[in-house]
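Data from start-v8.txt: compact mmCIF, C-alpha atoms
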```txt
# COMPACT_ATOMS: atom_id res chain seq x y z
CA MET A 837 5.25 -23.05 -29.80
CA SER A 838 6.54 -20.20 -27.67
CA ASN A 839 6.36 -19.97 -23.96
CA ALA A 840 6.38 -16.29 -23.25
CA THR A 841 7.78 -14.50 -20.24
CA VAL A 842 5.00 -12.33 -18.85
CA VAL A 843 6.16 -9.01 -17.41
CA VAL A 844 3.94 -6.53 -15.58
CA VAL A 845 4.85 -2.84 -15.67
CA THR A 846 3.42 -1.35 -12.50
CA SER A 847 3.85 1.55 -10.06
CA GLY A 848 0.81 2.23 -7.91
CA LYS A 849 0.98 5.92 -8.64
CA GLY A 850 -0.33 7.35 -11.90
CA GLY A 851 1.60 9.48 -14.32
CA VAL A 852 5.06 8.08 -13.57
CA GLY A 853 5.55 6.55 -17.02
CA LYS A 854 4.11 3.02 -17.04
CA THR A 855 2.57 3.30 -20.48
CA THR A 856 5.58 5.09 -21.98
CA SER A 857 7.85 2.41 -20.48
CA THR A 858 5.65 -0.48 -21.64
CA ALA A 859 5.66 0.84 -25.22
CA ALA A 860 9.39 1.60 -25.19
CA ILE A 861 10.44 -1.77 -23.75
CA ALA A 862 8.03 -3.81 -25.87
CA SER A 863 9.36 -2.10 -29.01
CA ALA A 864 12.98 -2.55 -27.95
CA LEU A 865 12.33 -6.29 -27.42
CA ALA A 866 10.67 -6.51 -30.83
CA LYS A 867 13.66 -4.76 -32.41
CA GLU A 868 15.79 -7.58 -30.99
CA GLY A 869 13.66 -9.96 -33.04
CA TYR A 870 11.38 -11.40 -30.36
CA GLN A 871 7.66 -11.94 -30.83
CA VAL A 872 6.19 -9.36 -28.45
CA CYS A 873 2.70 -8.50 -27.26
CA ALA A 874 1.93 -5.39 -25.20
CA VAL A 875 -1.32 -5.73 -23.24
CA ASP A 876 -3.20 -2.68 -21.96
CA PHE A 877 -4.93 -3.48 -18.66
CA ASP A 878 -6.18 0.06 -18.11
CA VAL A 879 -9.80 -0.74 -18.93
CA GLY A 880 -11.83 2.47 -19.22
CA LEU A 881 -8.75 4.69 -19.57
CA ARG A 882 -6.76 3.03 -22.30
CA ASN A 883 -3.77 4.89 -23.70
CA LEU A 884 -1.21 2.34 -24.82
CA ASP A 885 -2.90 2.33 -28.27
CA LEU A 886 -2.32 6.07 -28.52
CA ILE A 887 1.30 5.93 -27.38
CA MET A 888 1.99 3.12 -29.88
CA GLY A 889 0.14 4.94 -32.67
CA ALA A 890 -2.43 2.17 -33.12
CA GLU A 891 -5.54 4.02 -31.91
CA ARG A 892 -7.27 4.06 -35.29
CA ARG A 893 -6.88 0.35 -35.87
CA VAL A 894 -8.46 -0.95 -32.66
CA VAL A 895 -11.52 -3.08 -33.33
CA PHE A 896 -11.85 -5.56 -30.48
CA ASP A 897 -10.31 -5.28 -27.04
CA LEU A 898 -9.27 -7.20 -23.94
CA VAL A 899 -12.79 -7.16 -22.48
CA ASN A 900 -14.26 -8.59 -25.72
CA VAL A 901 -11.72 -11.40 -25.51
CA VAL A 902 -12.26 -12.05 -21.79
CA ARG A 903 -16.02 -12.28 -22.40
CA GLY A 904 -15.64 -14.52 -25.42
CA GLU A 905 -17.01 -11.93 -27.86
CA ALA A 906 -13.84 -12.01 -29.98
CA SER A 907 -10.84 -14.26 -30.35
CA ILE A 908 -7.39 -13.07 -29.29
CA LYS A 909 -6.21 -13.14 -32.91
CA GLN A 910 -9.07 -10.85 -33.91
CA ALA A 911 -8.26 -8.41 -31.12
CA LEU A 912 -4.48 -8.19 -31.62
CA VAL A 913 -3.34 -5.07 -33.46
CA ARG A 914 -0.07 -5.41 -35.36
CA ASP A 915 2.43 -2.56 -35.07
CA LYS A 916 2.80 -0.52 -38.24
CA LYS A 917 6.61 -0.56 -38.16
CA LEU A 918 7.55 -3.86 -36.55
CA ASN A 919 5.63 -6.88 -37.76
CA ASN A 920 6.59 -8.96 -34.71
CA LEU A 921 5.09 -6.43 -32.26
CA TYR A 922 1.41 -6.60 -31.30
CA LEU A 923 -0.94 -4.70 -29.04
CA LEU A 924 -3.88 -6.12 -27.16
CA PRO A 925 -5.85 -2.96 -26.37
CA ALA A 926 -7.98 -2.31 -23.32
CA SER A 927 -11.64 -1.45 -23.62
CA GLN A 928 -12.44 2.24 -23.47
CA THR A 929 -16.14 1.95 -22.70
CA ARG A 930 -16.28 -0.64 -19.92
CA ASP A 931 -14.85 -0.43 -16.44
CA LYS A 932 -12.35 -2.63 -14.70
CA ASP A 933 -15.03 -4.86 -13.16
CA ALA A 934 -15.59 -6.25 -16.66
CA LEU A 935 -12.37 -8.25 -16.18
CA THR A 936 -12.64 -11.61 -14.48
CA GLU A 937 -9.80 -13.57 -12.98
CA GLU A 938 -10.58 -16.68 -15.06
CA GLY A 939 -10.90 -14.60 -18.22
CA VAL A 940 -7.54 -12.92 -17.68
CA ALA A 941 -5.93 -16.27 -16.83
CA SER A 942 -7.07 -17.78 -20.10
CA VAL A 943 -6.04 -14.74 -22.17
CA ILE A 944 -2.55 -14.76 -20.64
CA SER A 945 -2.08 -18.48 -21.09
CA GLU A 946 -3.11 -18.23 -24.75
CA LEU A 947 -0.74 -15.28 -25.31
CA ARG A 948 2.05 -17.37 -23.78
CA MET A 949 1.69 -19.79 -26.68
CA TYR A 950 2.04 -17.17 -29.42
CA PHE A 951 4.72 -14.84 -28.06
CA ASP A 952 8.18 -14.69 -26.50
CA TRP A 953 7.36 -11.67 -24.36
CA VAL A 954 4.05 -10.41 -23.01
CA ILE A 955 4.33 -6.94 -21.45
CA CYS A 956 1.33 -5.96 -19.33
CA ASP A 957 0.70 -2.24 -18.79
CA SER A 958 -0.94 -1.98 -15.37
CA PRO A 959 -3.42 0.76 -14.50
CA ALA A 960 -2.58 3.04 -11.57
CA GLY A 961 -4.00 2.19 -8.17
CA ILE A 962 -4.19 -1.08 -6.28
CA GLU A 963 -7.68 -2.15 -7.29
CA ARG A 964 -8.94 -4.90 -9.56
CA GLY A 965 -7.29 -3.70 -12.78
CA ALA A 966 -3.87 -3.43 -11.16
CA THR A 967 -4.09 -6.71 -9.25
CA LEU A 968 -5.26 -8.58 -12.37
CA ALA A 969 -2.46 -7.06 -14.46
CA MET A 970 0.13 -8.46 -12.04
CA ARG A 971 -1.75 -11.66 -11.19
CA TYR A 972 -0.20 -14.00 -13.79
CA ALA A 973 3.13 -12.21 -14.34
CA ASP A 974 6.47 -13.99 -14.14
CA GLU A 975 8.43 -10.79 -13.52
CA ALA A 976 7.67 -7.20 -12.59
CA ILE A 977 9.10 -3.88 -13.67
CA ILE A 978 8.38 -1.30 -10.99
CA VAL A 979 8.37 2.25 -12.32
CA SER A 980 9.19 5.05 -9.92
CA ASN A 981 9.96 8.73 -10.18
CA PRO A 982 12.62 9.96 -7.75
CA GLU A 983 9.93 11.54 -5.62
CA VAL A 984 8.47 10.60 -2.21
CA SER A 985 4.88 9.77 -3.12
CA SER A 986 5.93 7.64 -6.07
CA VAL A 987 8.45 5.69 -3.99
CA ARG A 988 5.91 5.09 -1.24
CA ASP A 989 3.36 3.75 -3.72
CA CYS A 990 5.99 1.44 -5.22
CA ASP A 991 6.62 0.00 -1.78
CA ARG A 992 2.93 -0.81 -1.50
CA ILE A 993 2.95 -2.43 -4.95
CA ILE A 994 5.97 -4.54 -3.98
CA GLY A 995 3.93 -5.80 -1.03
CA LEU A 996 1.11 -6.81 -3.39
CA LEU A 997 3.52 -8.50 -5.83
CA ASP A 998 4.73 -10.61 -2.91
CA ALA A 999 1.24 -11.50 -1.72
CA LYS A 1000 -1.43 -11.35 -4.40
CA THR A 1001 0.21 -12.90 -7.45
CA LYS A 1002 0.06 -16.48 -8.66
CA VAL A 1003 3.85 -16.78 -8.28
CA ALA A 1004 3.64 -15.64 -4.63
CA GLU A 1005 0.68 -17.89 -3.81
CA ASP A 1006 2.62 -20.86 -5.20
CA GLY A 1007 5.37 -20.07 -2.72
CA GLY A 1008 7.69 -18.39 -5.21
CA ARG A 1009 9.17 -14.94 -5.19
CA MET A 1010 8.51 -12.70 -8.16
CA PRO A 1011 11.67 -11.27 -9.71
CA LYS A 1012 11.41 -7.48 -9.63
CA HIS A 1013 13.24 -4.76 -11.49
CA LEU A 1014 13.27 -1.10 -10.58
CA LEU A 1015 13.01 1.42 -13.39
CA ILE A 1016 13.53 5.03 -12.34
CA THR A 1017 12.03 7.53 -14.77
CA ARG A 1018 12.10 11.30 -15.17
CA TYR A 1019 15.51 11.43 -13.56
CA ASP A 1020 17.42 14.69 -13.49
CA THR A 1021 21.12 14.11 -12.93
CA GLU A 1022 21.82 17.76 -12.15
CA ARG A 1023 19.16 18.01 -9.48
CA ALA A 1024 20.20 14.70 -7.90
CA LYS A 1025 23.79 15.97 -7.82
CA THR A 1026 22.81 19.14 -5.96
CA GLY A 1027 20.71 17.17 -3.51
CA ASP A 1028 17.36 18.47 -4.69
CA MET A 1029 16.21 15.10 -5.94
CA LEU A 1030 16.43 11.58 -4.55
CA ALA A 1031 19.38 9.88 -6.20
CA THR A 1032 19.09 6.43 -7.79
CA ASP A 1033 21.01 4.88 -4.88
CA ASP A 1034 18.52 6.39 -2.41
CA VAL A 1035 15.55 4.85 -4.21
CA VAL A 1036 17.29 1.47 -4.55
CA ASP A 1037 18.20 1.60 -0.84
CA ILE A 1038 14.64 2.34 0.22
CA LEU A 1039 12.87 -0.19 -2.01
CA SER A 1040 15.58 -2.91 -2.04
CA VAL A 1041 14.81 -3.80 -5.63
CA PRO A 1042 17.67 -4.10 -8.16
CA LEU A 1043 17.88 -1.35 -10.74
CA ILE A 1044 17.11 -2.21 -14.36
CA GLY A 1045 17.46 1.30 -15.73
CA VAL A 1046 17.38 5.04 -15.18
CA VAL A 1047 15.49 7.08 -17.74
CA PRO A 1048 16.45 10.76 -17.80
CA GLU A 1049 13.78 13.44 -17.92
CA SER A 1050 13.59 13.97 -21.66
CA ARG A 1051 11.77 16.20 -24.07
CA ASP A 1052 11.83 13.36 -26.57
CA VAL A 1053 9.27 11.37 -24.56
CA LEU A 1054 6.56 13.96 -25.18
CA LYS A 1055 7.60 14.34 -28.80
CA ALA A 1056 7.36 10.58 -29.28
CA SER A 1057 3.90 10.40 -27.73
CA ASN A 1058 2.75 13.32 -29.87
CA VAL A 1059 3.41 11.31 -33.01
CA GLY A 1060 2.40 7.92 -31.61
CA LEU A 1061 5.77 6.20 -31.67
CA PRO A 1062 7.44 4.48 -28.71
CA VAL A 1063 10.50 6.58 -27.83
CA THR A 1064 12.79 3.63 -28.62
CA LEU A 1065 11.57 3.78 -32.23
CA SER A 1066 11.12 7.52 -32.71
CA ASP A 1067 14.57 8.78 -31.73
CA GLU A 1068 17.23 6.20 -30.98
CA ALA A 1069 19.77 8.86 -30.09
CA SER A 1070 17.70 10.35 -27.29
CA GLY A 1071 18.79 9.72 -23.71
CA ALA A 1072 15.43 8.16 -22.88
CA ALA A 1073 15.61 5.75 -25.83
CA LYS A 1074 19.14 4.70 -24.86
CA ALA A 1075 18.06 4.13 -21.27
CA TYR A 1076 15.10 1.98 -22.33
CA THR A 1077 17.25 0.01 -24.74
CA GLU A 1078 19.78 -0.66 -21.96
CA ALA A 1079 16.99 -1.65 -19.57
CA THR A 1080 15.68 -4.06 -22.19
CA ARG A 1081 19.09 -5.70 -22.57
CA ARG A 1082 19.17 -6.19 -18.80
CA LEU A 1083 15.68 -7.68 -18.91
CA LEU A 1084 17.08 -10.13 -21.48
CA GLY A 1085 19.67 -11.13 -18.92
CA GLU A 1086 22.72 -9.16 -20.05
CA ASP A 1087 24.92 -8.06 -17.22
CA ILE A 1088 25.77 -4.48 -18.13
CA PRO A 1089 26.36 -1.60 -15.70
CA VAL A 1090 23.51 0.88 -15.30
CA THR A 1091 24.34 4.21 -16.84
CA ILE A 1092 22.29 7.37 -16.94
CA PRO A 1093 22.30 8.40 -20.60
CA GLU A 1094 22.66 12.14 -20.99
CA GLU A 1095 19.94 14.09 -22.63
CA LYS A 1096 21.17 15.52 -25.93
CA LYS A 1097 22.00 19.16 -25.51
CA GLY A 1098 22.13 21.78 -28.18
CA LEU A 1099 25.23 23.95 -28.49
CA PHE A 1100 23.52 26.57 -26.38
CA GLY A 1101 22.64 24.00 -23.71
CA LYS A 1102 26.20 22.67 -23.63
CA PHE A 1103 27.58 26.14 -23.29
CA PHE A 1104 25.41 27.03 -20.38
CA LYS A 1105 25.30 23.61 -18.77
CA GLY A 1106 24.89 23.99 -15.04
CA ARG A 1107 24.33 27.71 -15.31
CA ALA A 1108 20.68 27.64 -16.13
CA ALA A 1109 17.84 27.65 -13.54
CA MET B 117 20.72 29.45 -8.54
CA ASN B 118 21.15 29.49 -4.82
CA ILE B 119 24.13 31.55 -3.67
CA LEU B 120 25.14 28.77 -1.28
CA SER B 121 25.59 26.31 -4.11
CA LEU B 122 28.42 28.49 -5.37
CA PHE B 123 30.39 27.31 -2.37
CA GLY B 124 29.57 23.70 -3.03
CA ARG B 125 27.02 23.35 -0.26
CA ARG B 126 24.44 20.73 -1.12
CA SER B 127 20.80 21.28 -0.60
CA GLU B 128 19.44 18.78 1.87
CA SER B 129 15.93 18.21 0.62
CA ALA B 130 16.77 14.84 -0.95
CA SER B 131 18.22 13.47 2.28
CA VAL B 132 15.19 14.75 4.19
CA ALA B 133 13.01 12.92 1.66
CA LYS B 134 15.00 9.72 2.10
CA ASN B 135 14.76 9.86 5.89
CA ARG B 136 11.04 10.51 5.87
CA LEU B 137 10.47 7.63 3.47
CA GLN B 138 12.58 5.20 5.46
CA ILE B 139 10.70 5.92 8.67
CA LEU B 140 7.30 5.87 7.02
CA LEU B 141 7.88 2.65 5.11
CA ALA B 142 9.30 0.85 8.13
CA HIS B 143 5.97 1.49 9.83
CA GLU B 144 3.81 0.82 6.80
CA ARG B 145 5.49 -2.51 6.13
CA ALA B 146 4.77 -3.59 9.70
CA ASP B 147 1.29 -2.10 9.83
CA ASP B 148 -1.49 -4.64 9.69
CA GLY B 149 -4.22 -2.18 10.65
CA SER B 150 -3.73 -2.91 14.35
CA ASP B 151 -2.63 0.67 15.08
CA ALA B 152 -6.01 2.10 14.15
CA LEU B 153 -7.78 -0.57 16.20
CA LEU B 154 -5.53 0.12 19.18
CA ILE B 155 -6.16 3.86 18.98
CA SER B 156 -9.91 3.47 18.81
CA SER B 157 -10.09 1.06 21.74
CA LEU B 158 -7.72 3.22 23.78
CA ARG B 159 -9.93 6.18 23.04
CA GLU B 160 -13.00 4.37 24.35
CA ASP B 161 -11.24 3.17 27.51
CA ILE B 162 -9.79 6.59 28.30
CA LEU B 163 -13.11 8.30 27.68
CA ALA B 164 -14.85 5.91 30.09
CA VAL B 165 -12.28 6.57 32.83
CA VAL B 166 -12.33 10.35 32.47
CA ALA B 167 -16.11 10.46 32.18
CA LYS B 168 -16.33 8.88 35.61
CA ARG B 169 -14.96 12.12 37.10
CA VAL B 170 -15.87 14.90 34.68
CA ASP B 171 -18.49 15.52 32.03
CA ILE B 172 -16.79 15.58 28.68
CA ASP B 173 -17.89 16.00 25.15
CA PRO B 174 -16.79 12.84 23.29
CA ASP B 175 -15.99 14.97 20.25
CA ALA B 176 -13.57 17.09 22.27
CA VAL B 177 -11.16 14.20 22.83
CA ARG B 178 -8.22 13.89 20.49
CA LEU B 179 -5.76 11.03 20.34
CA GLU B 180 -2.62 11.44 18.32
CA MET B 181 0.11 9.03 17.49
CA ASP B 182 3.48 10.30 16.41
CA ARG B 183 6.01 7.91 14.99
CA SER B 184 9.58 8.98 14.69
CA GLY B 185 12.41 6.51 14.38
CA ASP B 186 11.97 3.67 16.83
CA VAL B 187 9.81 5.69 19.20
CA THR B 188 6.05 6.01 19.05
CA THR B 189 4.36 8.55 21.29
CA LEU B 190 0.70 8.74 22.14
CA GLY B 191 -0.82 12.13 22.91
CA ILE B 192 -4.22 12.58 24.54
CA ASP B 193 -5.92 15.92 24.36
CA ILE B 194 -9.16 16.39 26.26
CA GLU B 195 -10.89 19.71 26.12
CA LEU B 196 -12.61 20.65 29.39
CA SER B 197 -15.24 23.30 28.81
CA GLN B 198 -16.11 26.06 31.32
CA SER B 199 -19.24 24.27 32.31
CA THR B 200 -17.45 21.04 33.02
CA ARG B 201 -18.42 19.84 36.46
CA ARG B 202 -17.68 16.80 38.45
CA ALA B 203 -19.94 14.06 37.29
CA SER B 204 -22.04 12.76 40.15
```
Starting from the coordinates I provided, produce the structure as structure tokens.
Amino acid sequence: MSNATVVVVTSGKGGVGKTTSTAAIASALAKEGYQVCAVDFDVGLRNLDLIMGAERRVVFDLVNVVRGEASIKQALVRDKKLNNLYLLPASQTRDKDALTEEGVASVISELRMYFDWVICDSPAGIERGATLAMRYADEAIIVSNPEVSSVRDCDRIIGLLDAKTKVAEDGGRMPKHLLITRYDTERAKTGDMLATDDVVDILSVPLIGVVPESRDVLKASNVGLPVTLSDEASGAAKAYTEATRRLLGEDIPVTIPEEKKGLFGKFFKGRAA
Amino acid sequence: MNILSLFGRRSESASVAKNRLQILLAHERADDGSDALLISSLREDILAVVAKRVDIDPDAVRLEMDRSGDVTTLGIDIELSQSTRRAS
């Protein structure tokens, strides 16, 4: 019997890369041999199924399970490449009020028995869906772009993680990891973009990884493969793989993997724009 | 490419962003909603005092708070129309 670590991937702001990060990290954990379940909490606007390429195999969803209309085992969708990676999809037709606290509690505690890692993809915002996604987590990955509105929203989310979660209510402190996405080393160097140190300074959360802005992320989502499975050589995939090793407790320095450049790009590096 | 960057001068927009965030978040972390309450009760009190001497349109009173660094300033802007007379 497993006793999973439950991780919530959250950000407050939408569009910063929560779903991409959830899929990439869940797949990287599965590649390491762990039993992994990715849970989509974005009821009404599900997308994790699409990013993981499982959209055509969804039958039951989280809301069906919460309401007792299907068992967890019926609702879990197995990944087509990795047979130790599963998805628990969100419902596309209901809204977030269909989730109850008791229902989510029982789903999470059942998932804890079957898996080593449960990665919860939080919806944007600070309403019911987001607070329930973080409610029973053991750890949090906070996703931020190096941009003012994203950083501000992360600060708000950190406040909620320290107040509205089970861990916090029991007097504990939730371990948090900062994942900076869509990072552009060149622009940070010229002072046009907040640098990783700036964001870490402001939020006071230790860095788990820096994912470079990468064309491979869009390519991966086009074909429905987490970027860590679609192109292992891409900067984004390397960054997610490193972040995953840190999540597993390895003490390795944070690097910012370079985006692959074509010959042309290498030639004109720093001259473009 | 900016001509200045040829001489190694860094653009400052990132440090501006960092400063703005640090100031904003320091306030937001401490904010329990009491600022808004304070402003609205101040507004009522000030209106009552001014209205004792002049007729004013309650909609023509503006209260503004400006937070920069450790200092918070409160600005009160009351529009007195032409027809404003001494009340009583």
Legend entry - At most 7 Å to chain A: residues in chain B, all atoms listed in the file, as a ChimeraX atom specification: /B:117,126-130,133-134,137-138
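Residue nearest Ile155 (chain B) within the list B:Val187, B:Arg169, B:Leu179, B:Ile192: B:Leu179 [criterion: smallest interatomic distance, only C-alpha atoms].
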Legend entry - Length of the CA of Pro925 (chain A) to CA of Ser986 (chain A) vector [Å]: 25.8 Å
Legend entry - Nearest residue to Lys1002 (chain A) from the set A:Ser980, A:Glu1022, A:Ala941, A:Phe951 (distances using all atoms listed in the file): A:Ala941
4 Å per side around region 162-170 of chain B: axis-aligned box centre and edge lengths, as AutoDock Vina command-line options:
```
--center_x -13.1 --center_y 10.4 --center_z 32.4 --size_x 14.5 --size_y 17.0 --size_z 17.4
```
Write out as a short mmCIF file (atom, residue, chain, number, x, y, z; two decimals) with C-alpha atoms, in the coordinates of the input the residues lying within 12 Å of Asp151 (chain B), counting only C-alpha atoms and excluding same-chain residues fewer than 6 positions away.
```
data_model
loop_
_atom_site.label_atom_id
_atom_site.label_comp_id
_atom_site.auth_asym_id
_atom_site.auth_seq_id
_atom_site.Cartn_x
_atom_site.Cartn_y
_atom_site.Cartn_z
CA HIS B 143 5.97 1.49 9.83
CA GLU B 144 3.81 0.82 6.80
CA SER B 157 -10.09 1.06 21.74
CA LEU B 158 -7.72 3.22 23.78
CA GLU B 180 -2.62 11.44 18.32
CA MET B 181 0.11 9.03 17.49
CA ASP B 182 3.48 10.30 16.41
CA ARG B 183 6.01 7.91 14.99
CA THR B 188 6.05 6.01 19.05
CA LEU B 190 0.70 8.74 22.14
#
```
Legend entry - Interatomic distance, CA of Cys873 (chain A) to CA of Glu1095 (chain A) (Å, one decimal): 28.8 Å
